[in-house]
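Pasting coords_13.txt here (compact mmCIF, C-alpha atoms and all ligand atoms):
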# COMPACT_ATOMS: atom_id res chain seq x y z
CA MET A 25 -64.64 31.76 22.92
CA LYS A 26 -63.59 32.77 19.42
CA ILE A 27 -65.35 35.78 17.95
CA PHE A 28 -65.93 36.28 14.23
CA SER A 29 -67.67 39.23 12.63
CA VAL A 30 -69.84 39.09 9.55
CA TRP A 31 -69.46 42.28 7.53
CA SER A 32 -71.08 43.93 4.59
CA ALA A 33 -70.12 47.28 3.21
CA LYS A 34 -73.72 48.12 2.38
CA GLY A 35 -77.11 46.92 3.52
CA GLY A 36 -79.34 44.52 1.63
CA VAL A 37 -76.70 41.97 0.66
CA GLY A 38 -78.13 39.22 2.85
CA LYS A 39 -75.43 39.40 5.51
CA SER A 40 -77.72 38.52 8.41
CA SER A 41 -79.28 35.60 6.53
CA LEU A 42 -75.86 34.13 5.83
CA ALA A 43 -74.74 34.74 9.42
CA VAL A 44 -77.75 32.75 10.66
CA LEU A 45 -77.11 29.94 8.18
CA LEU A 46 -73.44 29.82 9.13
CA ALA A 47 -74.44 29.55 12.79
CA GLU A 48 -76.83 26.75 11.85
CA ILE A 49 -74.08 24.85 10.03
CA LEU A 50 -71.74 25.24 13.01
CA ALA A 51 -74.49 24.06 15.36
CA CYS A 52 -75.08 21.04 13.10
CA LYS A 53 -71.39 20.24 13.51
CA GLY A 54 -71.97 20.09 17.25
CA LYS A 55 -70.32 23.39 18.05
CA ARG A 56 -71.71 25.61 20.76
CA VAL A 57 -72.48 28.73 18.80
CA GLY A 58 -73.83 32.16 19.65
CA ILE A 59 -75.01 35.02 17.48
CA LEU A 60 -74.99 38.63 18.58
CA ASP A 61 -77.10 40.97 16.51
CA ALA A 62 -75.05 44.15 16.62
CA ASP A 63 -77.11 45.83 13.93
CA LEU A 64 -78.77 48.37 16.21
CA TYR A 65 -80.54 50.13 13.38
CA GLY A 66 -82.03 47.09 11.73
CA PRO A 67 -81.90 44.12 14.10
CA SER A 68 -83.15 41.07 12.22
CA ILE A 69 -81.43 38.07 13.80
CA GLY A 70 -84.14 37.71 16.44
CA HIS A 71 -86.83 37.27 13.77
CA MET A 72 -84.71 35.10 11.50
CA THR A 73 -83.96 32.61 14.26
CA GLY A 74 -87.41 32.79 15.82
CA CYS A 75 -85.82 33.95 19.10
CA LEU A 76 -88.14 36.74 20.04
CA SER A 77 -88.80 36.00 23.67
CA ARG A 78 -87.53 38.47 26.23
CA ALA A 79 -83.87 38.30 27.18
CA THR A 80 -83.46 37.51 30.84
CA VAL A 81 -81.04 38.91 33.37
CA LEU A 82 -79.52 36.62 35.93
CA LYS A 83 -76.93 37.69 38.50
CA GLU A 84 -76.62 41.05 36.71
CA LYS A 85 -75.73 39.34 33.44
CA ILE A 86 -77.85 39.26 30.30
CA ARG A 87 -78.66 35.71 29.18
CA PRO A 88 -78.99 35.15 25.43
CA ILE A 89 -81.98 33.07 24.34
CA LEU A 90 -81.14 29.46 23.60
CA CYS A 91 -83.04 28.16 20.61
CA GLU A 92 -82.37 25.14 18.43
CA GLY A 93 -78.85 24.79 19.69
CA LYS A 94 -77.85 28.41 19.19
CA ARG A 95 -77.58 31.22 21.71
CA VAL A 96 -79.10 34.35 20.24
CA LEU A 97 -79.01 37.91 21.48
CA SER A 98 -80.74 40.68 19.59
CA LEU A 99 -82.08 44.04 20.65
CA VAL A 100 -85.56 42.96 19.66
CA GLN A 101 -85.49 40.79 22.79
CA PHE A 102 -85.48 43.94 24.93
CA PRO A 103 -88.92 45.57 25.06
CA VAL A 104 -87.33 48.97 25.69
CA PHE A 105 -85.74 48.95 22.22
CA GLN A 106 -88.73 47.77 20.28
CA ASP A 107 -90.18 51.20 19.66
CA LEU A 108 -86.83 52.86 19.23
CA HIS A 109 -86.40 54.20 15.72
CA SER A 110 -83.35 56.40 16.15
CA VAL A 111 -80.29 55.83 18.30
CA ARG A 112 -77.71 58.56 18.67
CA ALA A 113 -74.08 57.45 18.43
CA PRO A 114 -73.17 57.95 22.13
CA ILE A 115 -76.20 55.86 23.18
CA ALA A 116 -75.38 53.24 20.54
CA ASN A 117 -71.84 53.02 21.87
CA GLN A 118 -73.15 52.61 25.41
CA ILE A 119 -75.47 49.79 24.31
CA LEU A 120 -72.62 48.02 22.54
CA LYS A 121 -70.42 48.38 25.60
CA SER A 122 -73.11 46.66 27.66
CA LEU A 123 -73.39 43.93 25.04
CA SER A 124 -69.66 43.32 25.25
CA GLU A 125 -69.41 43.36 29.04
CA GLU A 126 -72.71 42.27 30.50
CA VAL A 127 -73.65 39.19 28.51
CA ASP A 128 -73.11 35.71 29.84
CA TRP A 129 -72.38 33.53 26.81
CA GLY A 130 -71.83 30.49 29.01
CA ASP A 131 -69.78 27.78 27.34
CA THR A 132 -70.24 29.19 23.83
CA GLU A 133 -67.28 28.20 21.63
CA VAL A 134 -67.89 30.45 18.62
CA LEU A 135 -69.62 33.82 18.66
CA LEU A 136 -70.71 35.32 15.34
CA ILE A 137 -71.37 39.03 15.44
CA ASP A 138 -73.71 40.36 12.80
CA MET A 139 -72.26 43.81 12.15
CA PRO A 140 -74.28 46.81 11.06
CA PRO A 141 -73.43 47.79 7.47
CA GLY A 142 -70.89 50.53 6.88
CA THR A 143 -67.66 51.73 8.42
CA GLY A 144 -68.63 54.34 10.98
CA ASP A 145 -68.61 55.08 14.65
CA VAL A 146 -70.54 51.96 15.68
CA GLN A 147 -68.19 49.65 13.78
CA LEU A 148 -65.17 51.38 15.32
CA THR A 149 -66.61 50.88 18.78
CA LEU A 150 -67.33 47.21 18.09
CA SER A 151 -63.83 46.62 16.77
CA GLN A 152 -62.42 48.09 19.97
CA LEU A 153 -64.77 46.22 22.30
CA PHE A 154 -64.49 42.69 20.89
CA PRO A 155 -61.27 40.74 20.34
CA PHE A 156 -62.13 39.48 16.85
CA THR A 157 -60.43 36.36 15.56
CA GLY A 158 -61.45 37.35 12.06
CA ALA A 159 -64.00 38.90 9.75
CA PHE A 160 -65.97 37.61 6.78
CA ILE A 161 -67.35 39.98 4.20
CA VAL A 162 -70.60 39.41 2.36
CA THR A 163 -71.17 41.17 -0.93
CA THR A 164 -73.33 41.02 -4.07
CA PRO A 165 -72.16 41.03 -7.70
CA GLN A 166 -72.78 44.74 -8.35
CA GLU A 167 -69.65 46.77 -9.14
CA ILE A 168 -70.74 49.47 -6.71
CA THR A 169 -70.76 46.98 -3.83
CA LEU A 170 -67.12 46.05 -4.41
CA ALA A 171 -66.17 49.73 -4.44
CA ILE A 172 -67.69 50.02 -0.95
CA VAL A 173 -66.17 46.68 0.14
CA LYS A 174 -62.77 48.29 -0.48
CA LYS A 175 -63.62 50.69 2.34
CA SER A 176 -64.42 47.82 4.68
CA LEU A 177 -61.10 46.18 3.82
CA ALA A 178 -59.24 49.39 4.64
CA PHE A 179 -61.20 49.66 7.87
CA LEU A 180 -60.49 46.08 8.91
CA ARG A 181 -56.80 46.41 8.05
CA ALA A 182 -56.50 49.62 10.07
CA ALA A 183 -58.34 47.93 12.97
CA ARG A 184 -56.00 44.94 12.59
CA ILE A 185 -58.86 42.50 12.28
CA PRO A 186 -57.78 39.54 10.12
CA ILE A 187 -59.84 39.35 6.93
CA LEU A 188 -60.82 35.74 6.42
CA GLY A 189 -62.33 36.30 3.02
CA LEU A 190 -65.29 37.34 0.99
CA VAL A 191 -68.41 35.48 0.01
CA GLU A 192 -70.71 36.66 -2.77
CA ASN A 193 -74.42 36.37 -2.13
CA MET A 194 -77.33 36.54 -4.61
CA SER A 195 -74.90 35.74 -7.41
CA TYR A 196 -77.47 33.94 -9.52
CA PHE A 197 -80.91 32.42 -9.49
CA ILE A 198 -81.88 29.03 -10.84
CA GLU A 199 -85.19 29.41 -12.67
CA PRO A 200 -87.25 26.53 -11.21
CA LEU A 201 -89.06 25.54 -14.41
CA SER A 202 -86.31 25.76 -16.99
CA GLY A 203 -83.37 25.21 -14.62
CA GLU A 204 -81.71 28.14 -16.33
CA ARG A 205 -79.07 30.07 -14.40
CA LEU A 206 -79.89 33.77 -14.33
CA GLU A 207 -77.37 36.38 -13.23
CA MET A 208 -79.63 39.16 -12.06
CA PHE A 209 -76.80 41.57 -11.31
CA GLY A 210 -74.68 40.60 -14.31
CA PRO A 211 -71.37 38.80 -14.24
CA SER A 212 -69.38 38.87 -11.02
CA SER A 213 -65.96 40.40 -10.58
CA ALA A 214 -65.58 39.29 -6.97
CA LYS A 215 -62.96 36.63 -7.75
CA PRO A 216 -60.46 38.93 -9.52
CA PHE A 217 -61.22 41.57 -6.91
CA CYS A 218 -60.25 39.18 -4.10
CA HIS A 219 -57.17 38.14 -6.01
CA SER A 220 -55.99 41.74 -6.36
CA GLU A 221 -56.77 42.44 -2.71
CA GLU A 222 -55.02 39.22 -1.65
CA ILE A 223 -58.00 37.95 0.28
CA ARG A 224 -59.72 34.61 0.03
CA PHE A 225 -62.78 34.25 -2.18
CA TRP A 226 -65.09 31.69 -0.61
CA GLY A 227 -67.45 31.44 -3.53
CA GLN A 228 -70.87 32.36 -4.82
CA ILE A 229 -74.22 31.72 -3.21
CA PRO A 230 -77.40 31.87 -5.26
CA LEU A 231 -80.64 33.57 -4.39
CA VAL A 232 -82.72 30.84 -2.77
CA SER A 233 -86.35 31.81 -2.33
CA GLU A 234 -86.98 29.16 0.36
CA LEU A 235 -84.27 30.76 2.49
CA ALA A 236 -86.17 34.02 2.81
CA ALA A 237 -89.37 32.10 3.61
CA SER A 238 -87.64 29.97 6.26
CA LEU A 239 -85.99 32.98 7.84
CA ASP A 240 -89.29 34.86 7.91
CA GLN A 241 -90.77 32.04 9.93
CA GLY A 242 -87.57 31.49 11.89
CA LYS A 243 -87.54 27.76 11.21
CA ASN A 244 -86.48 24.85 9.00
CA LEU A 245 -82.93 26.11 8.62
CA ALA A 246 -81.17 22.83 9.29
CA GLY A 247 -82.56 21.28 6.09
CA LEU A 248 -81.62 24.30 4.00
CA ALA A 249 -78.12 24.49 5.43
CA LYS A 250 -77.35 21.09 3.91
CA ARG A 251 -78.05 22.27 0.34
CA THR A 252 -75.03 22.16 -1.92
CA CYS A 253 -75.58 25.74 -3.04
CA PHE A 254 -74.50 26.84 0.43
CA ALA A 255 -71.17 25.02 0.12
CA PRO A 256 -69.13 28.24 0.59
CA LEU A 257 -70.70 28.60 4.05
CA GLU A 258 -69.88 24.98 4.82
CA GLU A 259 -66.25 25.73 3.89
CA ILE A 260 -66.20 28.79 6.11
CA ALA A 261 -67.60 26.71 8.98
CA VAL A 262 -64.87 24.12 8.47
CA GLU A 263 -62.27 26.89 8.54
CA ILE A 264 -63.74 28.32 11.76
CA CYS A 265 -63.58 24.86 13.34
CA LYS A 266 -59.97 24.54 12.24
CA GLU A 267 -59.07 27.96 13.62
CA ILE A 268 -60.40 26.88 16.98
CA TRP A 269 -59.72 23.26 17.46
CA ASP A 270 -56.79 22.30 15.28
CA ASN A 271 -54.22 22.52 18.03
CA SER A 272 -51.94 20.03 16.38
CA SER A 273 -51.24 22.46 13.54
CA SER A 274 -47.53 22.64 12.87
CA LYS A 275 -47.87 26.31 12.01
CA LYS A 276 -48.29 27.07 15.67
CA SER A 277 -44.79 26.06 16.57
CA THR A 278 -43.22 28.68 14.31
CA ALA A 279 -41.37 31.34 16.30
CA TRP A 280 -40.19 34.63 14.89
CA ARG A 281 -38.03 37.62 15.77
CA VAL A 282 -37.01 40.85 14.10
CA LEU A 283 -33.26 41.18 13.56
CA ASP A 284 -31.56 44.06 11.73
CA GLY A 285 -34.74 44.93 9.85
CA ARG A 286 -35.31 41.32 8.73
CA VAL A 287 -37.72 38.73 10.05
CA VAL A 288 -36.26 35.46 11.23
CA LEU A 289 -38.64 32.49 11.26
CA SER A 290 -37.64 29.44 13.22
CA GLU A 291 -39.13 26.05 13.79
CA GLY A 292 -37.56 23.01 15.39
CA GLY A 293 -34.06 24.51 15.24
CA PHE A 294 -34.45 25.40 11.54
CA GLU A 295 -34.18 29.09 10.62
CA LYS A 296 -34.87 31.28 7.61
CA SER A 297 -34.80 35.04 7.33
CA LEU A 298 -36.74 37.37 5.05
CA SER A 299 -35.94 40.94 4.08
CA GLY A 300 -38.41 43.76 4.66
CA ARG A 301 -38.63 44.39 0.93
CA SER A 302 -39.52 40.81 0.05
CA ILE A 303 -42.37 40.83 2.55
CA GLN A 304 -43.61 44.30 1.74
CA SER A 305 -43.70 43.48 -1.97
CA ARG A 306 -46.74 41.35 -1.11
CA CYS A 307 -48.50 44.03 0.94
CA PRO A 308 -52.02 44.48 -0.43
CA CYS A 309 -52.40 48.10 0.68
CA ALA A 310 -52.84 50.76 -1.98
CA ASP A 311 -49.83 52.72 -0.84
CA CYS A 312 -47.42 49.80 -1.14
CA ARG A 313 -48.90 48.67 -4.45
CA LYS A 314 -48.39 52.16 -5.83
CA ARG A 315 -44.77 52.14 -4.69
CA LEU A 316 -44.13 48.56 -5.70
CA PRO A 317 -41.90 49.24 -8.74
CA VAL A 318 -39.79 51.67 -6.76
CA LEU A 319 -39.97 49.90 -3.41
CA ASP A 320 -36.84 50.78 -1.50
CA SER A 321 -34.61 47.74 -1.14
CA GLY A 322 -33.54 49.11 2.23
CA VAL A 323 -37.02 48.90 3.73
CA LYS A 324 -36.83 47.42 7.20
CA VAL A 325 -39.23 45.46 9.35
CA VAL A 326 -39.67 47.45 12.54
CA SER A 327 -41.87 45.03 14.47
CA ALA A 328 -43.95 41.90 14.06
CA SER A 329 -46.98 40.61 15.92
CA ARG A 330 -49.11 37.50 15.73
CA VAL A 331 -52.66 37.72 14.39
CA GLY A 332 -54.95 34.76 15.01
CA ASN A 333 -53.28 31.37 14.97
CA ASP A 334 -51.10 31.45 11.94
CA ARG A 335 -50.55 34.95 10.63
CA LEU A 336 -48.09 37.77 11.25
CA GLN A 337 -48.56 41.48 10.88
CA PHE A 338 -45.57 43.78 10.34
CA VAL A 339 -44.76 47.43 10.76
CA PHE A 340 -42.33 48.50 8.04
CA SER A 341 -39.92 51.42 8.12
CA THR A 342 -42.10 53.09 5.45
CA GLY A 343 -44.85 53.31 8.05
CA CYS A 344 -47.11 50.68 6.45
CA CYS A 345 -48.69 48.24 8.88
CA HIS A 346 -51.54 46.91 6.72
CA GLY A 347 -50.33 43.57 5.48
CA ILE A 348 -51.24 40.38 7.33
CA TYR A 349 -49.25 37.38 6.12
CA ALA A 350 -49.92 33.71 6.68
CA LEU A 351 -46.91 31.94 8.18
CA GLU A 352 -47.29 29.38 5.45
CA THR A 353 -46.89 32.10 2.79
CA LEU A 354 -43.85 33.50 4.58
CA TRP A 355 -42.18 30.09 4.78
CA LYS A 356 -42.92 29.60 1.10
CA LYS A 357 -41.43 32.99 0.33
CA ALA A 358 -38.32 31.88 2.21
CA GLY A 359 -38.17 28.83 -0.04
CA VAL A 360 -39.62 26.31 2.39
CA GLU A 361 -42.68 24.30 1.39
CA LYS A 362 -44.81 23.37 4.41
ZN ZN B 401 -48.61 48.34 2.78
Can I see the file as structure tokens?
Ligand SMILES: [Zn+2]
Amino acid sequence: MKIFSVWSAKGGVGKSSLAVLLAEILACKGKRVGILDADLYGPSIGHMTGCLSRATVLKEKIRPILCEGKRVLSLVQFPVFQDLHSVRAPIANQILKSLSEEVDWGDTEVLLIDMPPGTGDVQLTLSQLFPFTGAFIVTTPQEITLAIVKKSLAFLRAARIPILGLVENMSYFIEPLSGERLEMFGPSSAKPFCHSEEIRFWGQIPLVSELAASLDQGKNLAGLAKRTCFAPLEEIAVEICKEIWDNSSSKKSTAWRVLDGRVVLSEGGFEKSLSGRSIQSRCPCADCRKRLPVLDSGVKVVSASRVGNDRLQFVFSTGCCHGIYALETLWKKAGVEK
């Protein structure tokens, strides 16, 4: 089972709605998908999917509720939590531990975890409990949101969770009568932001009033998921499928080793090596970017490890360990087009 987390730096950006829609799209593609509502302080996935019946326990394992092709687990399915309005951190951590160890997800292929907003204790616990394949970030066009997203990026990089990109929600609204496109929050700067942070920008999603209505009733999502305005989610779903099932990918056969502070990539008897400096010059972390003009040409790669299917993460002699590099990018950097 591959596990992906859906992040937002702050609340109210529509993260849970998009997580549910993404699950719907994956289910429509025939994938066995589960959603875990890890937002202890504002669980909403149960309502949005219409899965409000009590979670059952079988052979000492919690069984998520199966509804419309998706397995859903949310705290609202446990009567004991329904009247709970405050959860202290140690209790929250204990609950999350149970959710990571005591749930039987059956033959689920993809698990989406709807994260609580922010970068605190609960998020740290989750990142330690679940082996995430990657994280998606949901944001809105306000400047302030991007400032907080920066924190999430730093958090994810420190936790070594691959950042699979950012999607902007509520970017615009199409006025139904005039068809005019209204940007309620003003123009977006998400695209240049992603470019400077070297993360993928999946695109903009408009405010769709029917989505809120459908989610309130927990139904009719399949029809909505097909709308072209949700194309960025469709693309993310395709990428998730690729991450999981594309075993024929040639990227997988790349081997690597660290030799005299350089990284040696090899594939099918063909080898190329890259210096520490040339790799670190692409590191997106603030520290490296600050040092970029004076980056020491003697910087060495200390170690390398694989992240996900096709990325490498390095520890440099400067102490930085934040950059995650696609093998494809590294081959390109070494002058090999793949
Ligand atoms: Zn760095």
Practice prompt. Skip A:Leu190 itself and residues of its chain fewer than 2 positions away, then list as a PyMOL selection string all residues within 8 Å of it, counting all atoms listed in the file.
Written response: chain A and resi 160-163+188+192+218+223-227
Discussion item. Please find the residues contacting ligand ZN 401 (chain B) at a distance of at most 8 Å between atoms, with only C-alpha atoms and all ligand atoms counted, and report them as a PyMOL selection string.
Written reply: chain A and resi 304+307-313+344-347
Could you turn the residues from that selection into a file that holds C-alpha atoms, as a PDB file, in the frame of the given file?
ATOM      1  CA  GLN A 304     -43.610  44.300   1.740  1.00  0.00           C
ATOM      2  CA  CYS A 307     -48.500  44.030   0.940  1.00  0.00           C
ATOM      3  CA  PRO A 308     -52.020  44.480  -0.430  1.00  0.00           C
ATOM      4  CA  CYS A 309     -52.400  48.100   0.680  1.00  0.00           C
ATOM      5  CA  ALA A 310     -52.840  50.760  -1.980  1.00  0.00           C
ATOM      6  CA  ASP A 311     -49.830  52.720  -0.840  1.00  0.00           C
ATOM      7  CA  CYS A 312     -47.420  49.800  -1.140  1.00  0.00           C
ATOM      8  CA  ARG A 313     -48.900  48.670  -4.450  1.00  0.00           C
ATOM      9  CA  CYS A 344     -47.110  50.680   6.450  1.00  0.00           C
ATOM     10  CA  CYS A 345     -48.690  48.240   8.880  1.00  0.00           C
ATOM     11  CA  HIS A 346     -51.540  46.910   6.720  1.00  0.00           C
ATOM     12  CA  GLY A 347     -50.330  43.570   5.480  1.00  0.00           C
TER      13      GLY A 347
END
Practice prompt. Please provide as a ChimeraX atom specification all residues within 12 Å of A:Leu239, with the sequence filter that same-chain residues fewer than 2 positions apart are discarded (counting all atoms listed in the file).
Written response: /A:38,40-45,48,68-75,232-237,241-246,248-249
Preceding selection exported with C-alpha atoms as an mmCIF file, keeping the file's coordinate frame:
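Result file is out-v3.cif:
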data_model
loop_
_atom_site.group_PDB
_atom_site.id
_atom_site.type_symbol
_atom_site.label_atom_id
_atom_site.label_comp_id
_atom_site.auth_asym_id
_atom_site.auth_seq_id
_atom_site.Cartn_x
_atom_site.Cartn_y
_atom_site.Cartn_z
ATOM 1 C CA GLY A 38 -78.130 39.220 2.850
ATOM 2 C CA SER A 40 -77.720 38.520 8.410
ATOM 3 C CA SER A 41 -79.280 35.600 6.530
ATOM 4 C CA LEU A 42 -75.860 34.130 5.830
ATOM 5 C CA ALA A 43 -74.740 34.740 9.420
ATOM 6 C CA VAL A 44 -77.750 32.750 10.660
ATOM 7 C CA LEU A 45 -77.110 29.940 8.180
ATOM 8 C CA GLU A 48 -76.830 26.750 11.850
ATOM 9 C CA SER A 68 -83.150 41.070 12.220
ATOM 10 C CA ILE A 69 -81.430 38.070 13.800
ATOM 11 C CA GLY A 70 -84.140 37.710 16.440
ATOM 12 C CA HIS A 71 -86.830 37.270 13.770
ATOM 13 C CA MET A 72 -84.710 35.100 11.500
ATOM 14 C CA THR A 73 -83.960 32.610 14.260
ATOM 15 C CA GLY A 74 -87.410 32.790 15.820
ATOM 16 C CA CYS A 75 -85.820 33.950 19.100
ATOM 17 C CA VAL A 232 -82.720 30.840 -2.770
ATOM 18 C CA SER A 233 -86.350 31.810 -2.330
ATOM 19 C CA GLU A 234 -86.980 29.160 0.360
ATOM 20 C CA LEU A 235 -84.270 30.760 2.490
ATOM 21 C CA ALA A 236 -86.170 34.020 2.810
ATOM 22 C CA ALA A 237 -89.370 32.100 3.610
ATOM 23 C CA GLN A 241 -90.770 32.040 9.930
ATOM 24 C CA GLY A 242 -87.570 31.490 11.890
ATOM 25 C CA LYS A 243 -87.540 27.760 11.210
ATOM 26 C CA ASN A 244 -86.480 24.850 9.000
ATOM 27 C CA LEU A 245 -82.930 26.110 8.620
ATOM 28 C CA ALA A 246 -81.170 22.830 9.290
ATOM 29 C CA LEU A 248 -81.620 24.300 4.000
ATOM 30 C CA ALA A 249 -78.120 24.490 5.430
#
Discussion item. One decimal, in Å: what's the spacing between atom CA of A:Ala33 and atom CA of A:Phe217?
Written reply: 14.6 Å
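With atom CA of A:Ser277 on one side and atom CA of A:Leu351 on the other, the separation reads 10.5 Å.
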